[in-house]
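Content type mmCIF, C-alpha atoms (C1' of nucleotides), from the file query.cif:
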data_target
loop_
_atom_site.label_atom_id
_atom_site.label_comp_id
_atom_site.auth_asym_id
_atom_site.auth_seq_id
_atom_site.Cartn_x
_atom_site.Cartn_y
_atom_site.Cartn_z
CA MET I 1 -108.90 201.26 110.12
CA ASP I 2 -106.58 199.45 107.81
CA LEU I 3 -107.58 200.89 104.50
CA MET I 4 -105.25 198.57 102.66
CA ASN I 5 -107.28 195.56 103.79
CA ILE I 6 -110.82 196.79 103.39
CA GLY I 7 -111.24 194.97 100.12
CA LYS I 8 -109.96 191.68 101.46
CA ILE I 9 -112.07 191.94 104.58
CA ILE I 10 -115.16 192.59 102.50
CA GLN I 11 -114.32 189.69 100.23
CA PHE I 12 -113.84 187.35 103.15
CA HIS I 13 -117.19 188.27 104.61
CA ARG I 14 -118.92 188.05 101.26
CA LYS I 15 -117.63 184.54 100.64
CA GLN I 16 -118.53 183.45 104.14
CA ALA I 17 -122.03 184.66 103.37
CA GLY I 18 -122.05 182.63 100.18
CA LEU I 19 -122.71 185.59 97.95
CA SER I 20 -121.39 186.45 94.53
CA GLN I 21 -120.25 189.98 93.83
CA LYS I 22 -123.38 190.61 91.83
CA GLU I 23 -125.64 189.29 94.57
CA LEU I 24 -123.94 191.45 97.16
CA ALA I 25 -124.15 194.47 94.90
CA ASP I 26 -127.87 193.93 94.36
CA LEU I 27 -128.56 193.42 98.05
CA ALA I 28 -126.59 196.54 98.91
CA GLY I 29 -128.27 198.51 96.18
CA ILE I 30 -125.04 199.40 94.41
CA GLY I 31 -123.46 198.43 91.13
CA LYS I 32 -121.39 195.34 90.56
CA THR I 33 -118.47 197.52 89.53
CA ALA I 34 -118.26 199.07 92.96
CA VAL I 35 -117.99 195.70 94.65
CA PHE I 36 -115.39 194.54 92.18
CA ASP I 37 -113.28 197.69 92.46
CA LEU I 38 -113.52 197.63 96.23
CA GLU I 39 -112.36 194.05 96.55
CA LYS I 40 -109.70 194.65 93.94
CA GLY I 41 -107.99 197.16 96.17
CA LYS I 42 -109.29 200.51 95.05
CA SER I 43 -108.68 202.61 98.11
CA ASN I 44 -111.06 205.47 97.68
CA PHE I 45 -114.81 205.37 97.41
CA ARG I 46 -117.86 206.86 99.03
CA ILE I 47 -118.65 206.27 102.65
CA GLU I 48 -122.18 205.22 101.83
CA THR I 49 -120.99 202.61 99.39
CA LEU I 50 -118.88 201.04 102.11
CA LEU I 51 -121.64 201.30 104.68
CA LYS I 52 -124.22 199.70 102.42
CA ILE I 53 -121.93 196.74 101.90
CA CYS I 54 -121.03 196.52 105.60
CA SER I 55 -124.70 196.61 106.48
CA ILE I 56 -125.45 193.59 104.32
CA LEU I 57 -122.42 191.67 105.60
CA ASN I 58 -123.10 192.51 109.24
CA ILE I 59 -119.88 194.45 109.62
CA GLU I 60 -119.92 197.37 112.02
CA LEU I 61 -117.65 200.38 111.96
CA ASP I 62 -116.75 202.05 115.22
CA PHE I 63 -114.95 205.22 116.16
CA GLN I 64 -112.18 204.99 118.70
CA SER I 65 -110.43 207.91 120.32
CA PRO I 66 -109.03 208.84 123.71
CA ILE I 67 -111.66 211.52 124.27
CA ILE I 68 -114.69 210.02 122.60
CA LYS I 69 -116.24 209.11 125.94
CA HIS I 70 -116.51 212.81 126.69
CA TRP I 71 -118.66 213.39 123.68
CA SER I 72 -122.42 213.27 123.76
CA LYS I 73 -124.94 214.00 121.05
CA ASN I 74 -126.39 216.89 123.00
CA GLU I 75 -123.21 218.92 123.17
CA SER I 76 -122.52 222.05 121.18
CA MET T 1 -120.84 203.63 112.80
CA ASP T 2 -123.41 206.29 113.37
CA LEU T 3 -123.20 208.13 110.09
CA MET T 4 -125.59 210.78 111.33
CA ASN T 5 -123.10 211.88 113.97
CA ILE T 6 -119.86 211.79 112.06
CA GLY T 7 -119.89 215.52 111.55
CA LYS T 8 -120.56 216.28 115.18
CA ILE T 9 -117.92 213.85 116.36
CA ILE T 10 -115.36 215.41 114.06
CA GLN T 11 -116.34 218.86 115.23
CA PHE T 12 -116.04 217.88 118.86
CA HIS T 13 -112.56 216.50 118.32
CA ARG T 14 -111.48 219.48 116.25
CA LYS T 15 -112.53 221.93 118.93
CA GLN T 16 -110.88 219.87 121.62
CA ALA T 17 -107.72 220.10 119.54
CA GLY T 18 -108.09 223.86 119.33
CA LEU T 19 -108.17 223.93 115.56
CA SER T 20 -110.21 226.03 113.17
CA GLN T 21 -111.81 224.36 110.18
CA LYS T 22 -109.18 225.87 107.94
CA GLU T 23 -106.32 224.69 110.13
CA LEU T 24 -107.71 221.16 110.22
CA ALA T 25 -108.22 221.19 106.48
CA ASP T 26 -104.63 222.30 105.88
CA LEU T 27 -103.22 219.73 108.28
CA ALA T 28 -105.28 216.99 106.68
CA GLY T 29 -104.35 218.14 103.21
CA ILE T 30 -107.92 218.71 102.12
CA GLY T 31 -110.01 221.75 101.29
CA LYS T 32 -111.86 223.87 103.80
CA THR T 33 -115.11 223.08 102.04
CA ALA T 34 -114.79 219.39 102.82
CA VAL T 35 -114.43 220.05 106.55
CA PHE T 36 -117.33 222.46 106.51
CA ASP T 37 -119.62 220.14 104.57
CA LEU T 38 -118.68 217.21 106.77
CA GLU T 39 -119.41 219.01 110.03
CA LYS T 40 -122.56 220.47 108.54
CA GLY T 41 -124.03 217.01 108.16
CA LYS T 42 -123.32 216.04 104.59
CA SER T 43 -123.53 212.28 104.85
CA ASN T 44 -121.59 211.13 101.84
CA PHE T 45 -117.96 211.77 101.02
CA ARG T 46 -114.85 209.87 100.17
CA ILE T 47 -113.32 207.46 102.60
CA GLU T 48 -109.91 209.06 102.25
CA THR T 49 -111.27 212.46 103.16
CA LEU T 50 -112.67 211.06 106.38
CA LEU T 51 -109.51 209.09 107.13
CA LYS T 52 -107.24 212.09 106.61
CA ILE T 53 -109.29 214.05 109.11
CA CYS T 54 -109.45 211.17 111.57
CA SER T 55 -105.70 210.75 111.32
CA ILE T 56 -105.08 214.34 112.34
CA LEU T 57 -107.60 214.18 115.18
CA ASN T 58 -106.35 210.84 116.47
CA ILE T 59 -109.60 209.06 115.75
CA GLU T 60 -109.42 205.42 114.78
CA LEU T 61 -111.96 203.43 112.80
CA ASP T 62 -112.36 199.77 113.54
CA PHE T 63 -114.21 196.94 111.91
CA GLN T 64 -116.41 194.77 114.09
CA SER T 65 -118.08 191.57 113.01
CA PRO T 66 -118.89 188.16 114.46
CA ILE T 67 -116.45 186.40 112.15
CA ILE T 68 -113.67 188.93 111.81
CA LYS T 69 -111.43 186.97 114.14
CA HIS T 70 -111.36 184.19 111.58
CA TRP T 71 -109.90 186.46 108.97
CA SER T 72 -106.19 186.85 108.40
CA LYS T 73 -104.35 188.85 105.79
CA ASN T 74 -102.83 185.72 104.29
CA GLU T 75 -106.08 184.05 103.39
CA SER T 76 -107.45 183.69 99.89
"C1'" DA E 1 -114.82 167.75 78.35
"C1'" DA E 2 -118.83 170.73 78.01
"C1'" DG E 3 -121.72 173.97 80.13
"C1'" DT E 4 -122.60 177.26 83.71
"C1'" DT E 5 -121.38 180.68 86.96
"C1'" DT E 6 -118.33 183.99 88.55
"C1'" DT E 7 -114.67 187.12 88.22
"C1'" DT E 8 -111.84 190.31 85.81
"C1'" DA E 9 -111.43 194.10 82.80
"C1'" DC E 10 -112.51 197.78 79.90
"C1'" DT E 11 -115.70 201.29 77.90
"C1'" DG E 12 -118.57 205.59 77.72
"C1'" DC E 13 -121.52 208.02 80.49
"C1'" DT E 14 -123.85 210.47 84.59
"C1'" DT E 15 -123.62 211.95 89.22
"C1'" DT E 16 -121.11 213.52 93.04
"C1'" DT E 17 -117.16 215.01 95.59
"C1'" DG E 18 -113.82 218.21 96.40
"C1'" DC E 19 -111.56 222.38 95.21
"C1'" DG E 20 -110.44 227.59 95.60
"C1'" DG E 21 -112.57 232.00 95.34
"C1'" DT E 22 -115.57 235.07 97.24
"C1'" DA E 23 -118.52 237.26 100.50
"C1'" DA E 24 -121.78 237.77 104.15
"C1'" DA E 25 -122.91 236.45 108.83
"C1'" DT E 26 -121.35 235.26 113.29
"C1'" DA E 27 -118.03 234.96 117.01
"C1'" DT E 28 -113.94 236.40 119.28
"C1'" DT E 29 -110.56 239.56 120.87
"C1'" DG E 30 -108.30 244.06 121.91
"C1'" DC B 1 -117.23 249.47 120.13
"C1'" DA B 2 -113.80 248.35 116.49
"C1'" DA B 3 -110.78 245.08 114.46
"C1'" DT B 4 -109.88 240.42 113.64
"C1'" DA B 5 -110.88 235.60 113.09
"C1'" DT B 6 -113.98 232.08 112.09
"C1'" DT B 7 -117.91 230.05 110.21
"C1'" DT B 8 -121.52 229.72 106.88
"C1'" DA B 9 -122.84 229.74 102.22
"C1'" DC B 10 -122.77 229.96 97.53
"C1'" DC B 11 -120.40 229.52 92.77
"C1'" DG B 12 -118.23 227.20 88.63
"C1'" DC B 13 -114.85 223.98 87.56
"C1'" DA B 14 -111.96 219.68 87.74
"C1'" DA B 15 -111.39 215.15 89.37
"C1'" DA B 16 -113.25 211.01 90.87
"C1'" DA B 17 -116.93 207.55 91.94
"C1'" DG B 18 -120.32 204.79 90.35
"C1'" DC B 19 -123.17 202.88 86.78
"C1'" DA B 20 -124.71 199.35 83.00
"C1'" DG B 21 -123.14 197.03 79.14
"C1'" DT B 22 -120.07 193.96 77.16
"C1'" DA B 23 -116.78 190.33 76.72
"C1'" DA B 24 -112.93 187.49 77.79
"C1'" DA B 25 -110.67 184.77 81.39
"C1'" DA B 26 -111.07 181.82 85.28
"C1'" DA B 27 -113.45 178.91 88.37
"C1'" DC B 28 -116.92 175.88 89.39
"C1'" DT B 29 -120.36 171.88 88.13
"C1'" DT B 30 -122.25 167.92 85.90
#

In structure tokens, write the structure found in this file.
Amino acid sequence: MDLMNIGKIIQFHRKQAGLSQKELADLAGIGKTAVFDLEKGKSNFRIETLLKICSILNIELDFQSPIIKHWSKNES
Amino acid sequence: MDLMNIGKIIQFHRKQAGLSQKELADLAGIGKTAVFDLEKGKSNFRIETLLKICSILNIELDFQSPIIKHWSKNES
DNA sequence: AAGTTTTTACTGCTTTTGCGGTAAATATTG
DNA sequence: CAATATTTACCGCAAAAGCAGTAAAAACTT
């Protein structure tokens, strides 16, 4: 994941959705400041904050690794 | 991203790598408590904490969305 | 140009994360 | 079994995230 571009990616999706920062914040159930800081390039924030925003904007986050196919939920 | 399983996925990768929680924490430059809490199912933490761990364990995080292909770094 | 909306920016404040220290429980190894 | 290593679990503290409020700057409408 390119952490440097998270903010810009979010912003692009938000504008495509025709939402203001405040509207996105309200839909995601977070504060307007979080959306602003995120888009402005702040690189650290809580996972849930990012996921709430991604959920609203229909962005999915996926894990990728060479061995992930060998993992199942029912393993130790 | 299945937030519920982050901890288990991390744990699986850590064990595959033959690392103890403390060793992973040291390699990632974070505290042992963060690794423990993460694997134990704590669902919220900082992005950078997760990314440091993923970096050590060779796990990549990718964005997926229907319109992501229309985004480039040089757009507004 | 005037009015409206949005974004940027800062503030003080509350909540949460992350930390090392410590210690008990559990697992591993000799 | 005994010694060692690891995991689990708690603590108090420090650092950071997130919040609403406010206001100025910038971007849009009409």

For this session: For the structure provided, state which residues fall under the PyMOL selection byres ((chain B and resi 8-24) around 7), and present them as a count of residues only.
Result: 5

Report as JSON the centre and the edge lengths, in Å to one decimal, of the axis-aligned box holding every listed atom of segment 27-35 of chain T, padded by 3 Å on each side.
{"center_x": -109.2, "center_y": 220.4, "center_z": 104.8, "size_x": 17.9, "size_y": 12.9, "size_z": 13.0}

Problem set entry | Hits from the PyMOL selection byres ((chain T) within 12 of (chain E)), listed as number ranges by chain | T: 25, 29-38, 42-49

Could the residues in this selection be written to a file with C-alpha atoms, as a PDB file, in the coordinates of the input?
ATOM      1  CA  ALA T  25    -108.220 221.190 106.480  1.00  0.00           C
ATOM      2  CA  GLY T  29    -104.350 218.140 103.210  1.00  0.00           C
ATOM      3  CA  ILE T  30    -107.920 218.710 102.120  1.00  0.00           C
ATOM      4  CA  GLY T  31    -110.010 221.750 101.290  1.00  0.00           C
ATOM      5  CA  LYS T  32    -111.860 223.870 103.800  1.00  0.00           C
ATOM      6  CA  THR T  33    -115.110 223.080 102.040  1.00  0.00           C
ATOM      7  CA  ALA T  34    -114.790 219.390 102.820  1.00  0.00           C
ATOM      8  CA  VAL T  35    -114.430 220.050 106.550  1.00  0.00           C
ATOM      9  CA  PHE T  36    -117.330 222.460 106.510  1.00  0.00           C
ATOM     10  CA  ASP T  37    -119.620 220.140 104.570  1.00  0.00           C
ATOM     11  CA  LEU T  38    -118.680 217.210 106.770  1.00  0.00           C
ATOM     12  CA  LYS T  42    -123.320 216.040 104.590  1.00  0.00           C
ATOM     13  CA  SER T  43    -123.530 212.280 104.850  1.00  0.00           C
ATOM     14  CA  ASN T  44    -121.590 211.130 101.840  1.00  0.00           C
ATOM     15  CA  PHE T  45    -117.960 211.770 101.020  1.00  0.00           C
ATOM     16  CA  ARG T  46    -114.850 209.870 100.170  1.00  0.00           C
ATOM     17  CA  ILE T  47    -113.320 207.460 102.600  1.00  0.00           C
ATOM     18  CA  GLU T  48    -109.910 209.060 102.250  1.00  0.00           C
ATOM     19  CA  THR T  49    -111.270 212.460 103.160  1.00  0.00           C
TER      20      THR T  49
END

Exercise. Written as a count of residues only, which residues does the PyMOL selection byres ((chain T) within 9 of (chain I)) give for the file shown?
Worked result: 35

For this session: Would you mind listing what lies within 8 Å of Ser20 of chain T as a VMD selection string, with only C-alpha atoms (C1' of nucleotides) counted and same-chain residues fewer than 5 positions away left out?
Result: (chain T and resid 14 to 15) or (chain B and resid 6)

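Atom CA of Met4 of chain T sits 10.4 Å away from atom CA of Glu39 of chain T.
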
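Taking atom C1' of DA2 of chain B as the reference point, atom CA of Lys22 of chain T is found at 24.5 Å.
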
Exercise. In Å, with one decimal, what is the gap from atom CA of Ala28 of chain T to atom CA of Lys52 of chain T?
Worked result: 5.3 Å

Just add N, CA and C atoms to segment 56-70 of chain T and send it as a PDB file, in the frame of the given file.
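Heads up, here's the output in result_19.pdb:
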ATOM      1  N   ILE T  56    -105.530 213.124 111.659  1.00  0.00           N
ATOM      2  CA  ILE T  56    -105.080 214.340 112.340  1.00  0.00           C
ATOM      3  C   ILE T  56    -105.663 214.426 113.742  1.00  0.00           C
ATOM      4  N   LEU T  57    -106.902 214.025 113.899  1.00  0.00           N
ATOM      5  CA  LEU T  57    -107.600 214.180 115.180  1.00  0.00           C
ATOM      6  C   LEU T  57    -107.439 212.969 116.091  1.00  0.00           C
ATOM      7  N   ASN T  58    -106.620 212.027 115.649  1.00  0.00           N
ATOM      8  CA  ASN T  58    -106.350 210.840 116.470  1.00  0.00           C
ATOM      9  C   ASN T  58    -107.609 210.002 116.716  1.00  0.00           C
ATOM     10  N   ILE T  59    -108.412 209.909 115.690  1.00  0.00           N
ATOM     11  CA  ILE T  59    -109.600 209.060 115.750  1.00  0.00           C
ATOM     12  C   ILE T  59    -109.320 207.817 114.913  1.00  0.00           C
ATOM     13  N   GLU T  60    -109.655 206.674 115.491  1.00  0.00           N
ATOM     14  CA  GLU T  60    -109.420 205.420 114.780  1.00  0.00           C
ATOM     15  C   GLU T  60    -110.752 204.798 114.393  1.00  0.00           C
ATOM     16  N   LEU T  61    -110.755 204.131 113.250  1.00  0.00           N
ATOM     17  CA  LEU T  61    -111.960 203.430 112.800  1.00  0.00           C
ATOM     18  C   LEU T  61    -111.671 201.936 112.815  1.00  0.00           C
ATOM     19  N   ASP T  62    -112.560 201.203 113.438  1.00  0.00           N
ATOM     20  CA  ASP T  62    -112.360 199.770 113.540  1.00  0.00           C
ATOM     21  C   ASP T  62    -113.534 198.985 112.997  1.00  0.00           C
ATOM     22  N   PHE T  63    -113.194 197.870 112.357  1.00  0.00           N
ATOM     23  CA  PHE T  63    -114.210 196.940 111.910  1.00  0.00           C
ATOM     24  C   PHE T  63    -114.625 196.020 113.054  1.00  0.00           C
ATOM     25  N   GLN T  64    -115.905 195.738 113.126  1.00  0.00           N
ATOM     26  CA  GLN T  64    -116.410 194.770 114.090  1.00  0.00           C
ATOM     27  C   GLN T  64    -117.358 193.826 113.359  1.00  0.00           C
ATOM     28  N   SER T  65    -117.125 192.542 113.548  1.00  0.00           N
ATOM     29  CA  SER T  65    -118.080 191.570 113.010  1.00  0.00           C
ATOM     30  C   SER T  65    -117.900 190.255 113.741  1.00  0.00           C
ATOM     31  N   PRO T  66    -118.951 189.433 113.724  1.00  0.00           N
ATOM     32  CA  PRO T  66    -118.890 188.160 114.460  1.00  0.00           C
ATOM     33  C   PRO T  66    -117.782 187.235 113.958  1.00  0.00           C
ATOM     34  N   ILE T  67    -117.409 187.365 112.696  1.00  0.00           N
ATOM     35  CA  ILE T  67    -116.450 186.400 112.150  1.00  0.00           C
ATOM     36  C   ILE T  67    -115.093 187.009 111.829  1.00  0.00           C
ATOM     37  N   ILE T  68    -114.904 188.243 112.226  1.00  0.00           N
ATOM     38  CA  ILE T  68    -113.670 188.930 111.810  1.00  0.00           C
ATOM     39  C   ILE T  68    -112.425 188.274 112.392  1.00  0.00           C
ATOM     40  N   LYS T  69    -112.606 187.600 113.524  1.00  0.00           N
ATOM     41  CA  LYS T  69    -111.430 186.970 114.140  1.00  0.00           C
ATOM     42  C   LYS T  69    -110.924 185.789 113.316  1.00  0.00           C
ATOM     43  N   HIS T  70    -111.770 185.308 112.429  1.00  0.00           N
ATOM     44  CA  HIS T  70    -111.360 184.190 111.580  1.00  0.00           C
ATOM     45  C   HIS T  70    -110.692 184.642 110.298  1.00  0.00           C
TER      46      HIS T  70
END
